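To keep things clear, I will list the structure first and then write my remarks on it.
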Amino acid sequence: MWSSGERPNSSHTPPSVCRWPPGLTPGSMFSRAPLLLALIVLGPHVYRCGFVDIGKNTSFFRMCVEFAKFQFNQAQPDEYAYKLLWVGRSQREHLTWIYLMDLQMGRTICKKHDEDIDNCPLQEGPEEKQVGCTFIVDARPWFSQFTLLNSTCV
């Protein structure tokens with residue numbers, strides 16, 4: 001701070017503690033106020049929370065569909081397996097890996113633990129049965145970890 005041998009001058013006044021950064025003055029701050037106000041007012045509308053539509057063929061979503069279908073079949077007391085007929089809603093919660101899906105499934109002639117249930121024919125006649133379900137799945141695909149958060153079927 002001082003060169004060698006130099007002593008502080010008692011009449012020297014320290015520089016002011018509070019200085020505006022270069023280019024920023026009290027007047028220029030007020031010119032930015034409309035921008036700040038716009039961010040406050042529009043922020044909640046620009047940043048959408050909740051679920052947003054996604055493509056049905058995204059890899060992580062397809063993994064969640066397979067997981068939900070497997071969990072559904074495991075939880076059913078029915079000895080016959082259900083296979084996916086179609087996907088209705090396909091959504092992901094904004095900024096998370098939580099997926100919401102509406103699946104229509106049909107009862108097959110195959111048993112739960114048979115191979116290749118997706119190619120198994122559907123039951124017909126009095127044994128025919130379809131069910132519509134909404135699943136919410138939390139996915140951590142990089143760890144091969146999926147958690148069924150909620151399922152509702154009718």
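To be explicit about the labels: the chains of the structure tokens are called A, B, and onward in the order shown, and within each one the residues are counted from 1, while ligands get numbers from 1 in the order they are shown.
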Contacts between segment 52-56 of chain A and segment 61-133 of chain A, please, where a residue of segment 61-133 of chain A counts if it comes within 10 Å (with only C-alpha atoms); show its shortest atom pair and distance in Å to one decimal, rows by chain and ascending number, as a Markdown table.
```
| residue | atom | partner | partner_atom | distance |
| --- | --- | --- | --- | --- |
| A:Phe61 | CA | A:Lys56 | CA | 6.7 |
| A:Arg62 | CA | A:Lys56 | CA | 7.1 |
| A:Val65 | CA | A:Lys56 | CA | 9.5 |
| A:Val87 | CA | A:Lys56 | CA | 7.5 |
| A:Gly88 | CA | A:Lys56 | CA | 8.9 |
| A:Arg89 | CA | A:Asp53 | CA | 7.7 |
| A:Ser90 | CA | A:Ile54 | CA | 5.8 |
| A:Gln91 | CA | A:Asp53 | CA | 4.4 |
| A:Arg92 | CA | A:Val52 | CA | 5.5 |
| A:Glu93 | CA | A:Val52 | CA | 6.1 |
| A:His94 | CA | A:Val52 | CA | 6.4 |
| A:Leu95 | CA | A:Val52 | CA | 9.9 |
| A:Tyr99 | CA | A:Ile54 | CA | 9.4 |
| A:Leu100 | CA | A:Val52 | CA | 9.3 |
| A:Met101 | CA | A:Lys56 | CA | 9.3 |
```
Name all residues at most 10 Å from Gln71 of chain A (count only C-alpha atoms; drop same-chain ones fewer than 6 positions away) and give them as a ChimeraX atom specification. /A:65,147-148,151
Could you save those same residues with N, CA and C atoms as a tab-separated table (two decimals), in the first residue's frame?
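After the write, result_7.tsv holds the following:
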```tsv
chain	number	residue	atom	x	y	z
A	65	VAL	N	-43.11	-46.31	-19.04
A	65	VAL	CA	-44.31	-47.06	-19.45
A	65	VAL	C	-44.10	-48.55	-19.17
A	147	THR	N	-39.62	-45.51	-9.52
A	147	THR	CA	-40.51	-45.60	-8.37
A	147	THR	C	-41.92	-45.21	-8.81
A	148	LEU	N	-42.87	-46.08	-8.51
A	148	LEU	CA	-44.27	-45.78	-8.82
A	148	LEU	C	-44.81	-44.91	-7.69
A	151	SER	N	-50.86	-44.66	-8.79
A	151	SER	CA	-51.55	-45.32	-9.89
A	151	SER	C	-53.04	-45.34	-9.58
```
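Taking only C-alpha atoms into account, Gln123 of chain A lies nearest to A:Arg107 out of the set A:Lys69, A:Lys83, A:Arg107, A:Arg140.
Distance check against Phe60 of chain A using only C-alpha atoms: of A:Ile117, A:Val154, A:Ile98, A:Ala81, the minimum falls on A:Ile98.
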If I take atom CA of Glu115 of chain A and atom CA of Tyr80 of chain A, how far is one from the other in Å, to one decimal?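 A separation of 12.3 Å between them.
The environment of Cys64 of chain A within 7 Å, counting only C-alpha atoms and disregarding residues fewer than 4 places along the same chain, consists of Phe60, Ala68, Val137 and Ala139 of chain A.
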Please compute the atom CA of Asn150 of chain A-atom CA of Asp138 of chain A distance, one decimal, in Å.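 So the answer is 9.6 Å.
Atom CA of Tyr82 of chain A is positioned 11.5 Å from atom CA of Asp116 of chain A.
Neighbours of Gln130 of chain A closer than or equal to 12 Å, with only C-alpha atoms counted and sequence neighbours fewer than 3 positions away skipped, come out as A:Ala81, A:Tyr82, A:Lys83, A:Leu84, A:Leu85, A:Trp86, A:Leu103, A:Gln104, A:Met105, A:Gly106, A:Arg107, A:Thr108, A:Leu122, A:Gln123, A:Glu124, A:Pro126, A:Glu127, A:Cys133, A:Cys153, A:Val154.
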Near Glu79 of chain A, within 9 Å and counting only C-alpha atoms, which residues show up once chain neighbours fewer than 5 positions away are dropped, as a list in words? Asn73, Cys110, Lys111, Lys112 and His113 of chain A
